[in-house]
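So this block is entry.cif, mmCIF, C-alpha atoms:
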data_protein
#
loop_
_atom_site.label_atom_id
_atom_site.label_comp_id
_atom_site.auth_asym_id
_atom_site.auth_seq_id
_atom_site.Cartn_x
_atom_site.Cartn_y
_atom_site.Cartn_z
CA MET J 1 1.60 24.28 28.53
CA THR J 2 -1.54 24.37 26.41
CA ILE J 3 -2.45 21.87 23.72
CA ARG J 4 -1.71 24.49 21.05
CA GLU J 5 1.73 25.12 22.57
CA ALA J 6 2.42 21.39 22.64
CA TRP J 7 1.52 21.22 18.94
CA GLU J 8 3.89 24.10 18.18
CA ASN J 9 6.63 22.45 20.23
CA GLY J 10 6.18 19.27 18.24
CA ARG J 11 6.34 21.13 14.94
CA PHE J 12 9.57 22.80 16.03
CA ARG J 13 11.14 19.49 17.07
CA LEU J 14 10.24 17.74 13.80
CA THR J 15 11.24 20.57 11.46
CA PRO J 16 14.86 19.35 10.99
CA THR J 17 13.81 15.82 9.97
CA SER J 18 10.31 15.97 8.47
CA PRO J 19 9.08 17.59 5.23
CA THR J 20 5.67 18.06 6.90
CA PRO J 21 6.45 18.84 10.56
CA GLN J 22 3.18 20.63 11.35
CA LEU J 23 1.05 17.80 9.97
CA ASP J 24 3.17 15.12 11.66
CA ALA J 25 3.07 16.87 15.01
CA ARG J 26 -0.70 17.28 14.69
CA LEU J 27 -1.28 13.62 13.85
CA LEU J 28 0.81 12.48 16.81
CA LEU J 29 -1.00 14.86 19.15
CA GLU J 30 -4.43 13.78 17.92
CA HIS J 31 -3.38 10.17 18.47
CA ILE J 32 -2.16 10.77 22.02
CA LEU J 33 -5.25 12.77 23.00
CA SER J 34 -7.69 10.57 21.04
CA VAL J 35 -9.27 13.60 19.40
CA SER J 36 -10.15 14.70 15.87
CA HIS J 37 -8.53 17.63 14.08
CA SER J 38 -11.52 19.87 14.80
CA GLN J 39 -11.46 18.92 18.48
CA LEU J 40 -7.74 19.63 18.66
CA VAL J 41 -8.27 23.13 17.28
CA ALA J 42 -11.33 23.80 19.44
CA HIS J 43 -9.50 22.83 22.64
CA GLY J 44 -6.17 24.40 21.74
CA ASN J 45 -6.18 26.62 24.85
CA ASP J 46 -6.84 23.72 27.24
CA PRO J 47 -3.94 22.58 29.43
CA MET J 48 -1.92 19.68 28.03
CA PRO J 49 -2.20 16.77 30.51
CA ALA J 50 1.20 15.89 31.98
CA THR J 51 0.85 12.16 31.29
CA SER J 52 -0.16 12.86 27.70
CA MET J 53 2.76 15.24 27.29
CA ALA J 54 5.23 12.53 28.29
CA ALA J 55 3.73 10.11 25.76
CA TYR J 56 3.73 12.81 23.09
CA GLN J 57 7.40 13.60 23.70
CA ALA J 58 8.24 9.90 23.38
CA LEU J 59 6.52 9.71 19.97
CA LEU J 60 8.26 12.90 18.84
CA ASP J 61 11.59 11.30 19.74
CA ARG J 62 10.78 8.25 17.63
CA ALA J 63 9.52 10.36 14.72
CA GLY J 64 12.73 12.36 14.89
CA ARG J 65 14.63 9.13 14.28
CA ALA J 66 12.69 8.59 11.01
CA GLU J 67 10.10 6.12 12.31
CA PRO J 68 7.10 6.64 9.99
CA ILE J 69 4.13 8.49 11.48
CA PRO J 70 1.59 5.84 10.28
CA TYR J 71 3.41 3.17 12.31
CA LEU J 72 3.46 5.42 15.37
CA ILE J 73 -0.27 6.11 15.22
CA GLY J 74 -1.27 2.72 13.76
CA HIS J 75 -3.20 3.85 10.69
CA ALA J 76 -2.80 5.44 7.25
CA PRO J 77 -5.18 6.93 4.65
CA PHE J 78 -6.04 5.25 1.35
CA PHE J 79 -8.87 6.63 -0.77
CA GLU J 80 -11.69 7.38 1.67
CA MET J 81 -10.47 4.81 4.22
CA ASP J 82 -8.25 5.00 7.28
CA LEU J 83 -6.48 1.63 7.30
CA ALA J 84 -4.71 -0.10 10.15
CA VAL J 85 -0.99 -0.54 9.53
CA SER J 86 1.95 -2.01 11.40
CA PRO J 87 5.60 -2.70 10.55
CA ALA J 88 4.36 -6.01 9.08
CA VAL J 89 2.93 -4.15 6.07
CA LEU J 90 3.95 -1.36 3.72
CA ILE J 91 2.37 2.02 4.32
CA PRO J 92 -0.14 2.59 1.46
CA ARG J 93 1.16 5.09 -1.10
CA PRO J 94 -0.97 7.67 -2.93
CA GLU J 95 0.31 6.46 -6.33
CA THR J 96 -1.16 3.02 -5.66
CA GLU J 97 -4.60 4.63 -5.76
CA GLU J 98 -4.00 4.99 -9.50
CA LEU J 99 -3.46 1.21 -9.75
CA VAL J 100 -6.89 0.75 -8.17
CA THR J 101 -8.41 3.23 -10.63
CA GLN J 102 -6.94 1.27 -13.55
CA ALA J 103 -8.24 -2.00 -12.07
CA VAL J 104 -11.74 -0.60 -11.61
CA MET J 105 -11.88 0.48 -15.26
CA ALA J 106 -10.67 -2.95 -16.37
CA GLY J 107 -12.98 -4.81 -13.99
CA ARG J 108 -16.10 -3.20 -15.43
CA HIS J 109 -15.61 -5.31 -18.55
CA TRP J 110 -17.22 -8.26 -16.71
CA ALA J 111 -20.54 -8.43 -14.89
CA ALA J 112 -19.03 -10.35 -11.97
CA PRO J 113 -15.25 -10.38 -12.42
CA ARG J 114 -13.01 -12.83 -10.61
CA LEU J 115 -10.09 -10.86 -9.21
CA VAL J 116 -6.95 -11.80 -7.32
CA GLU J 117 -4.54 -9.39 -5.69
CA VAL J 118 -1.04 -10.78 -5.17
CA GLY J 119 0.94 -9.47 -2.19
CA THR J 120 -1.97 -7.77 -0.47
CA GLY J 121 -0.11 -6.34 2.55
CA SER J 122 -2.52 -4.05 4.39
CA GLY J 123 -5.27 -5.14 2.00
CA CYS J 124 -5.64 -1.59 0.66
CA ILE J 125 -5.97 -2.56 -3.01
CA ALA J 126 -8.29 -5.54 -2.54
CA ILE J 127 -10.52 -3.64 -0.11
CA ALA J 128 -10.77 -0.58 -2.35
CA LEU J 129 -11.71 -2.85 -5.27
CA ALA J 130 -14.33 -4.63 -3.18
CA ARG J 131 -15.95 -1.28 -2.45
CA LYS J 132 -15.77 0.00 -6.02
CA LEU J 133 -16.70 -3.27 -7.79
CA PRO J 134 -19.52 -4.65 -5.64
CA GLN J 135 -20.17 -7.67 -7.91
CA ALA J 136 -16.55 -8.80 -7.99
CA GLN J 137 -15.32 -12.05 -6.46
CA ILE J 138 -12.04 -11.13 -4.80
CA THR J 139 -9.15 -13.21 -3.51
CA ALA J 140 -6.10 -11.66 -1.81
CA VAL J 141 -2.81 -13.50 -1.32
CA ASP J 142 0.19 -12.75 0.87
CA ILE J 143 3.12 -14.84 2.06
CA SER J 144 3.16 -13.13 5.47
CA PRO J 145 0.70 -14.29 8.16
CA ALA J 146 1.24 -11.01 10.03
CA ALA J 147 0.34 -9.00 6.93
CA LEU J 148 -2.77 -11.10 6.35
CA ALA J 149 -3.90 -10.42 9.93
CA ILE J 150 -3.73 -6.68 9.27
CA ALA J 151 -5.50 -7.06 5.91
CA GLN J 152 -8.29 -9.10 7.47
CA GLN J 153 -8.70 -6.50 10.21
CA ASN J 154 -9.09 -3.77 7.61
CA ALA J 155 -11.44 -5.85 5.48
CA SER J 156 -13.71 -6.58 8.44
CA ARG J 157 -14.18 -2.83 8.83
CA TYR J 158 -14.42 -1.67 5.22
CA ALA J 159 -15.45 -4.70 3.12
CA PRO J 160 -16.82 -7.40 5.45
CA ASN J 161 -17.30 -10.86 3.92
CA ARG J 162 -16.17 -9.67 0.48
CA ILE J 163 -12.60 -10.96 0.24
CA THR J 164 -11.09 -14.44 0.53
CA PHE J 165 -7.62 -14.22 2.08
CA VAL J 166 -5.03 -16.91 1.28
CA GLN J 167 -1.52 -17.36 2.61
CA GLY J 168 1.16 -18.38 0.14
CA SER J 169 3.71 -17.32 -2.43
CA LEU J 170 2.42 -15.28 -5.37
CA LEU J 171 -0.21 -17.22 -7.38
CA GLU J 172 0.84 -20.67 -6.17
CA PRO J 173 -1.95 -21.14 -3.58
CA VAL J 174 -4.85 -20.18 -5.90
CA LEU J 175 -6.33 -22.05 -8.85
CA GLY J 176 -8.04 -19.48 -11.02
CA PRO J 177 -8.81 -18.76 -13.71
CA PHE J 178 -9.07 -15.06 -12.96
CA ASP J 179 -10.35 -12.23 -15.11
CA LEU J 180 -8.06 -9.75 -13.42
CA ILE J 181 -4.73 -10.24 -11.64
CA ILE J 182 -3.45 -7.19 -9.75
CA ALA J 183 -0.09 -6.86 -8.02
CA ASN J 184 2.15 -4.25 -6.44
CA LEU J 185 5.06 -6.57 -5.71
CA PRO J 186 8.51 -5.82 -4.25
CA TYR J 187 10.55 -4.08 -6.94
CA VAL J 188 13.53 -2.51 -5.17
CA ALA J 189 16.83 -3.95 -6.44
CA THR J 190 18.95 -5.39 -3.63
CA ALA J 191 21.84 -3.06 -4.50
CA GLU J 192 19.52 -0.06 -4.11
CA TRP J 193 18.58 -0.92 -0.54
CA THR J 194 21.11 1.37 1.11
CA GLU J 195 19.88 4.30 -1.02
CA LEU J 196 16.35 4.18 0.40
CA ASP J 197 15.17 6.75 2.93
CA ASP J 198 15.82 5.72 6.53
CA GLY J 199 12.11 5.65 7.26
CA VAL J 200 11.69 2.96 4.58
CA LYS J 201 14.78 0.78 4.98
CA LEU J 202 14.85 0.89 8.79
CA PHE J 203 11.15 0.39 9.50
CA GLU J 204 9.13 -0.93 6.54
CA PRO J 205 9.20 -4.70 5.88
CA ARG J 206 12.05 -5.73 3.59
CA LEU J 207 9.99 -8.75 2.52
CA ALA J 208 7.57 -6.34 0.85
CA LEU J 209 10.26 -4.21 -0.82
CA ASP J 210 13.28 -6.25 -1.94
CA GLY J 211 12.71 -7.59 -5.44
CA GLY J 212 16.05 -9.36 -5.89
CA SER J 213 19.15 -8.47 -7.87
CA ASP J 214 17.38 -6.30 -10.45
CA GLY J 215 14.15 -5.73 -8.54
CA LEU J 216 12.04 -7.82 -10.90
CA GLN J 217 12.47 -11.40 -9.73
CA LEU J 218 9.04 -11.69 -8.11
CA VAL J 219 7.37 -9.80 -10.95
CA ARG J 220 8.77 -12.27 -13.49
CA ASP J 221 7.82 -15.26 -11.32
CA MET J 222 4.27 -14.00 -10.94
CA LEU J 223 3.88 -13.32 -14.67
CA ARG J 224 5.04 -16.87 -15.46
CA GLN J 225 2.41 -18.23 -13.07
CA ALA J 226 -0.24 -15.93 -14.55
CA VAL J 227 0.02 -17.62 -17.95
CA GLY J 228 -2.02 -20.58 -16.72
CA LYS J 229 -4.31 -18.67 -14.37
CA LEU J 230 -5.75 -15.93 -16.57
CA THR J 231 -9.00 -16.19 -18.51
CA ASP J 232 -8.95 -15.94 -22.31
CA ASP J 233 -9.83 -12.23 -22.15
CA GLY J 234 -8.16 -11.58 -18.82
CA VAL J 235 -6.01 -8.64 -17.71
CA VAL J 236 -2.87 -8.38 -15.57
CA LEU J 237 -2.22 -5.04 -13.86
CA LEU J 238 1.14 -4.33 -12.24
CA GLU J 239 2.67 -1.43 -10.38
CA VAL J 240 6.46 -1.41 -10.85
CA GLY J 241 9.43 0.87 -10.26
CA TRP J 242 9.56 4.17 -12.12
CA GLN J 243 12.30 2.94 -14.47
CA GLN J 244 11.07 -0.66 -14.86
CA GLY J 245 7.97 -0.32 -17.03
CA THR J 246 9.61 -1.06 -20.39
CA ALA J 247 11.55 -4.06 -19.06
CA VAL J 248 8.42 -5.58 -17.51
CA ALA J 249 6.35 -4.95 -20.63
CA THR J 250 9.00 -6.58 -22.82
CA PHE J 251 9.14 -9.65 -20.59
CA ALA J 252 5.35 -9.91 -20.40
CA GLN J 253 5.14 -9.86 -24.20
CA THR J 254 7.31 -12.99 -24.39
CA LEU J 255 4.81 -14.81 -22.16
CA PHE J 256 1.68 -13.32 -23.74
CA PRO J 257 2.72 -12.87 -27.39
CA THR J 258 -0.76 -11.95 -28.64
CA ALA J 259 -1.62 -9.66 -25.73
CA SER J 260 -1.96 -5.90 -25.91
CA ILE J 261 0.52 -4.44 -23.44
CA THR J 262 0.46 -0.79 -22.45
CA LEU J 263 2.25 1.43 -19.95
CA GLN J 264 0.41 4.05 -17.92
CA PRO J 265 2.05 6.94 -16.04
CA ASP J 266 1.70 7.75 -12.37
CA PHE J 267 0.94 11.22 -11.00
CA ALA J 268 4.56 12.24 -11.62
CA GLY J 269 4.49 11.12 -15.25
CA HIS J 270 6.59 7.99 -14.73
CA GLU J 271 5.49 4.79 -16.52
CA ARG J 272 4.69 2.81 -13.38
CA PHE J 273 1.68 0.71 -14.42
CA VAL J 274 1.92 -2.23 -16.82
CA ILE J 275 -1.36 -3.46 -18.32
CA VAL J 276 -1.42 -6.86 -20.06
CA GLU J 277 -4.70 -7.46 -21.93
CA LYS J 278 -4.90 -11.04 -23.12
CA SER J 279 -6.55 -11.81 -26.43
#
Produce structure tokens that represent the structure in this file.
Amino acid sequence: MTIREAWENGRFRLTPTSPTPQLDARLLLEHILSVSHSQLVAHGNDPMPATSMAAYQALLDRAGRAEPIPYLIGHAPFFEMDLAVSPAVLIPRPETEELVTQAVMAGRHWAAPRLVEVGTGSGCIAIALARKLPQAQITAVDISPAALAIAQQNASRYAPNRITFVQGSLLEPVLGPFDLIIANLPYVATAEWTELDDGVKLFEPRLALDGGSDGLQLVRDMLRQAVGKLTDDGVVLLEVGWQQGTAVATFAQTLFPTASITLQPDFAGHERFVIVEKS
């Protein structure tokens, strides 16, 4: 069997379970052979090594049972980066890139903004901000030591010596004040857990997804803590569930009565980003 035939075999096997079987099969094959996409195409007529074929088949079996491809290959894209991931962290989502874009626009208000990201996970948000706001002082917090290890690994590659990582719950372990507080916290309601895709509920960390009875427990807790840790002209930026924007904005207004609070849509047009501008 050639490498190209192995790729086609993988695509065929993943077609019943994956919306992108050709891409998934390619990523797994590149991982097994330790080659780039261009190398894979260029050597498509080469024989597929037997030992590599066995490993490839094993990954195809796991992918067929809904195990996410980024966990199988150990990395996932975010902006121009290729970040390490493991089941200790959420797989970065494309819509979260919009949260970073909003944070960059807000962060340019200060010459050297003090930023904190709450619930950093893989570190994707904090690292992207470190690269896009070179004068920023950035702290990243997570309750999970395993997640922080992944985040620190990614930061050492893409933003060395730019981010201070702190273990703890929400804003409790940091003093502030901060000009910008950014968070993509767990927002799945406990009752919705069984409705999630198998790849999410069976493999991604529940600690990073389950937001309590209505999905907003941690968001409310963090906003309460933010009251005393935000500068006088500071900004809070949140990514929330696609039906939660109004509820979060209403709650935030009770804590920041003079603040300007706006909702921004994601790529699908859902109001997923809550912006609290203190004044």
**Contacts of J:Ile261 at 12 Å (all atoms listed in the file; same-chain gap of 4+ positions) as a PyMOL selection string** = chain J and resi 235-238+245-257+273-279
Need the shell around J:His31: protein/DNA/RNA residues with any atom at most 9 Å away, counting all atoms listed in the file. Skip same-chain ones fewer than 5 positions apart. Format as a PDB file with C-alpha atoms, in the frame of the given file?
ATOM      1  CA  ARG J  26      -0.700  17.280  14.690  1.00  0.00           C
ATOM      2  CA  SER J  36     -10.150  14.700  15.870  1.00  0.00           C
ATOM      3  CA  TYR J  56       3.730  12.810  23.090  1.00  0.00           C
ATOM      4  CA  LEU J  72       3.460   5.420  15.370  1.00  0.00           C
ATOM      5  CA  ILE J  73      -0.270   6.110  15.220  1.00  0.00           C
TER       6      ILE J  73
END
**Proximity to J:Leu202 - best of J:Arg65, J:Pro113, J:Gln243, J:Thr164, only C-alpha atoms** =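 Smallest separation from J:Leu202 among the options: J:Arg65.
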**Prompt:** Between J:Val200, J:Ala126, J:Leu216, J:Leu33, which has the minimum distance to J:Thr101 (counting only C-alpha atoms)?
**Reply:** J:Ala126
**Who sits within 12 Å of J:Asp61, all atoms listed in the file, same chain under 4 positions skipped, as a list in words** = Gly10, Arg13, Leu14, Thr17, Ala25, Leu28, Ala54, Ala55, Tyr56, Gln57, Arg65, Ala66, Glu67, Pro68, Ile69 and Leu72 of chain J
Explicit residue set for the PyMOL selection byres ((chain J and resi 153) around 12), as a CSV table (one decimal) with C-alpha atoms, in the coordinates of the input:
chain,number,residue,atom,x,y,z
J,75,HIS,CA,-3.2,3.8,10.7
J,82,ASP,CA,-8.2,5.0,7.3
J,83,LEU,CA,-6.5,1.6,7.3
J,84,ALA,CA,-4.7,-0.1,10.2
J,85,VAL,CA,-1.0,-0.5,9.5
J,86,SER,CA,2.0,-2.0,11.4
J,121,GLY,CA,-0.1,-6.3,2.6
J,122,SER,CA,-2.5,-4.0,4.4
J,123,GLY,CA,-5.3,-5.1,2.0
J,124,CYS,CA,-5.6,-1.6,0.7
J,127,ILE,CA,-10.5,-3.6,-0.1
J,146,ALA,CA,1.2,-11.0,10.0
J,147,ALA,CA,0.3,-9.0,6.9
J,148,LEU,CA,-2.8,-11.1,6.4
J,149,ALA,CA,-3.9,-10.4,9.9
J,150,ILE,CA,-3.7,-6.7,9.3
J,151,ALA,CA,-5.5,-7.1,5.9
J,152,GLN,CA,-8.3,-9.1,7.5
J,154,ASN,CA,-9.1,-3.8,7.6
J,155,ALA,CA,-11.4,-5.8,5.5
J,156,SER,CA,-13.7,-6.6,8.4
J,157,ARG,CA,-14.2,-2.8,8.8
J,158,TYR,CA,-14.4,-1.7,5.2
J,159,ALA,CA,-15.4,-4.7,3.1
J,160,PRO,CA,-16.8,-7.4,5.4
J,161,ASN,CA,-17.3,-10.9,3.9
J,163,ILE,CA,-12.6,-11.0,0.2
J,165,PHE,CA,-7.6,-14.2,2.1
**Item:** Distance query J:Asp142 at most 7 Å, only C-alpha atoms, self and fewer than 3 positions along chain excluded, as a ChimeraX atom specification
**Value:** /J:118-121,148,166-169
**Selected residue of minimal separation from J:Ser260 among J:Trp242, J:Arg93, J:Asp233, J:Ala226, counting all atoms listed in the file** = J:Asp233
**Request:** Write out as a PyMOL selection string each polymer residue whose atoms come within 8 Å of J:Pro92, counting all atoms listed in the file; drop sequence neighbours fewer than 2 positions from it.
**Result:** chain J and resi 76-78+90+94+96+122+124
**Message:** Nearest residue to J:Ala189 out of J:Ala6, J:Ala58, J:Val41, J:Leu218, using only C-alpha atoms?
**Reply:** J:Leu218
Kindly write stretch 215-255 of chain J with N, CA and C atoms to a file, as a CSV table (one decimal), in the first residue's frame.
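Dumped everything to out17.csv:
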chain,number,residue,atom,x,y,z
J,215,GLY,N,-25.1,27.5,33.8
J,215,GLY,CA,-23.9,27.7,33.0
J,215,GLY,C,-23.2,29.0,33.4
J,216,LEU,N,-23.7,29.8,34.3
J,216,LEU,CA,-23.1,31.1,34.5
J,216,LEU,C,-22.5,31.3,35.9
J,217,GLN,N,-22.4,30.3,36.7
J,217,GLN,CA,-21.9,30.4,38.1
J,217,GLN,C,-20.5,31.0,38.1
J,218,LEU,N,-19.6,30.5,37.3
J,218,LEU,CA,-18.2,31.0,37.4
J,218,LEU,C,-18.1,32.4,36.8
J,219,VAL,N,-19.0,32.7,35.8
J,219,VAL,CA,-19.0,34.0,35.2
J,219,VAL,C,-19.4,35.0,36.2
J,220,ARG,N,-20.5,34.7,37.0
J,220,ARG,CA,-20.9,35.7,38.0
J,220,ARG,C,-19.9,35.8,39.1
J,221,ASP,N,-19.3,34.7,39.5
J,221,ASP,CA,-18.3,34.8,40.6
J,221,ASP,C,-17.1,35.7,40.1
J,222,MET,N,-16.7,35.5,38.9
J,222,MET,CA,-15.5,36.2,38.4
J,222,MET,C,-15.9,37.7,38.3
J,223,LEU,N,-17.1,38.0,37.8
J,223,LEU,CA,-17.5,39.5,37.7
J,223,LEU,C,-17.5,40.1,39.1
J,224,ARG,N,-18.0,39.4,40.1
J,224,ARG,CA,-18.0,40.0,41.5
J,224,ARG,C,-16.6,40.3,41.9
J,225,GLN,N,-15.7,39.4,41.6
J,225,GLN,CA,-14.3,39.6,42.0
J,225,GLN,C,-13.7,40.8,41.2
J,226,ALA,N,-14.1,40.9,40.0
J,226,ALA,CA,-13.5,42.0,39.1
J,226,ALA,C,-13.8,43.4,39.6
J,227,VAL,N,-14.9,43.5,40.4
J,227,VAL,CA,-15.3,44.9,40.9
J,227,VAL,C,-14.1,45.5,41.6
J,228,GLY,N,-13.4,44.8,42.4
J,228,GLY,CA,-12.3,45.4,43.2
J,228,GLY,C,-10.9,45.2,42.5
J,229,LYS,N,-10.9,44.7,41.3
J,229,LYS,CA,-9.6,44.4,40.7
J,229,LYS,C,-9.4,45.0,39.3
J,230,LEU,N,-10.3,46.0,39.0
J,230,LEU,CA,-10.3,46.6,37.7
J,230,LEU,C,-10.0,48.1,37.9
J,231,THR,N,-9.1,48.7,37.1
J,231,THR,CA,-8.8,50.1,37.1
J,231,THR,C,-10.0,50.9,36.8
J,232,ASP,N,-9.9,52.2,37.1
J,232,ASP,CA,-11.0,53.1,37.0
J,232,ASP,C,-11.5,53.2,35.6
J,233,ASP,N,-10.6,53.0,34.6
J,233,ASP,CA,-11.1,53.0,33.2
J,233,ASP,C,-10.9,51.6,32.5
J,234,GLY,N,-10.9,50.6,33.4
J,234,GLY,CA,-10.7,49.2,32.9
J,234,GLY,C,-11.8,48.6,32.1
J,235,VAL,N,-11.5,47.5,31.5
J,235,VAL,CA,-12.4,46.8,30.6
J,235,VAL,C,-12.4,45.3,31.0
J,236,VAL,N,-13.6,44.7,31.0
J,236,VAL,CA,-13.8,43.2,31.2
J,236,VAL,C,-14.3,42.7,29.9
J,237,LEU,N,-13.7,41.7,29.4
J,237,LEU,CA,-14.1,41.0,28.1
J,237,LEU,C,-14.4,39.6,28.4
J,238,LEU,N,-15.6,39.1,28.0
J,238,LEU,CA,-16.0,37.7,28.3
J,238,LEU,C,-16.5,37.1,27.0
J,239,GLU,N,-16.2,35.8,26.9
J,239,GLU,CA,-16.8,35.0,25.9
J,239,GLU,C,-17.8,34.1,26.6
J,240,VAL,N,-19.1,34.1,26.2
J,240,VAL,CA,-20.1,33.3,26.9
J,240,VAL,C,-20.9,32.5,25.8
J,241,GLY,N,-21.9,31.7,26.3
J,241,GLY,CA,-22.7,30.9,25.4
J,241,GLY,C,-23.5,31.7,24.5
J,242,TRP,N,-23.9,31.1,23.4
J,242,TRP,CA,-24.6,31.9,22.3
J,242,TRP,C,-25.9,32.5,22.7
J,243,GLN,N,-26.5,32.0,23.8
J,243,GLN,CA,-27.8,32.5,24.3
J,243,GLN,C,-27.7,33.2,25.7
J,244,GLN,N,-26.4,33.5,26.1
J,244,GLN,CA,-26.2,34.0,27.4
J,244,GLN,C,-25.8,35.5,27.5
J,245,GLY,N,-25.6,36.1,26.3
J,245,GLY,CA,-25.1,37.4,26.3
J,245,GLY,C,-25.9,38.4,27.1
J,246,THR,N,-27.2,38.4,26.9
J,246,THR,CA,-28.1,39.4,27.6
J,246,THR,C,-28.1,39.2,29.1
J,247,ALA,N,-28.2,37.9,29.5
J,247,ALA,CA,-28.2,37.6,30.9
J,247,ALA,C,-26.9,38.1,31.6
J,248,VAL,N,-25.7,37.9,31.0
J,248,VAL,CA,-24.5,38.3,31.5
J,248,VAL,C,-24.4,39.8,31.6
J,249,ALA,N,-24.8,40.4,30.5
J,249,ALA,CA,-24.7,41.9,30.4
J,249,ALA,C,-25.6,42.5,31.5
J,250,THR,N,-26.8,42.0,31.7
J,250,THR,CA,-27.7,42.5,32.8
J,250,THR,C,-27.1,42.3,34.1
J,251,PHE,N,-26.5,41.2,34.4
J,251,PHE,CA,-25.8,41.0,35.7
J,251,PHE,C,-24.6,41.9,35.9
J,252,ALA,N,-23.8,42.0,34.8
J,252,ALA,CA,-22.7,42.9,34.9
J,252,ALA,C,-23.1,44.4,35.2
J,253,GLN,N,-24.2,44.8,34.7
J,253,GLN,CA,-24.6,46.2,34.9
J,253,GLN,C,-25.0,46.4,36.4
J,254,THR,N,-25.5,45.4,37.1
J,254,THR,CA,-25.8,45.6,38.5
J,254,THR,C,-24.5,45.8,39.3
J,255,LEU,N,-23.4,45.2,38.9
J,255,LEU,CA,-22.1,45.3,39.6
J,255,LEU,C,-21.3,46.6,39.1
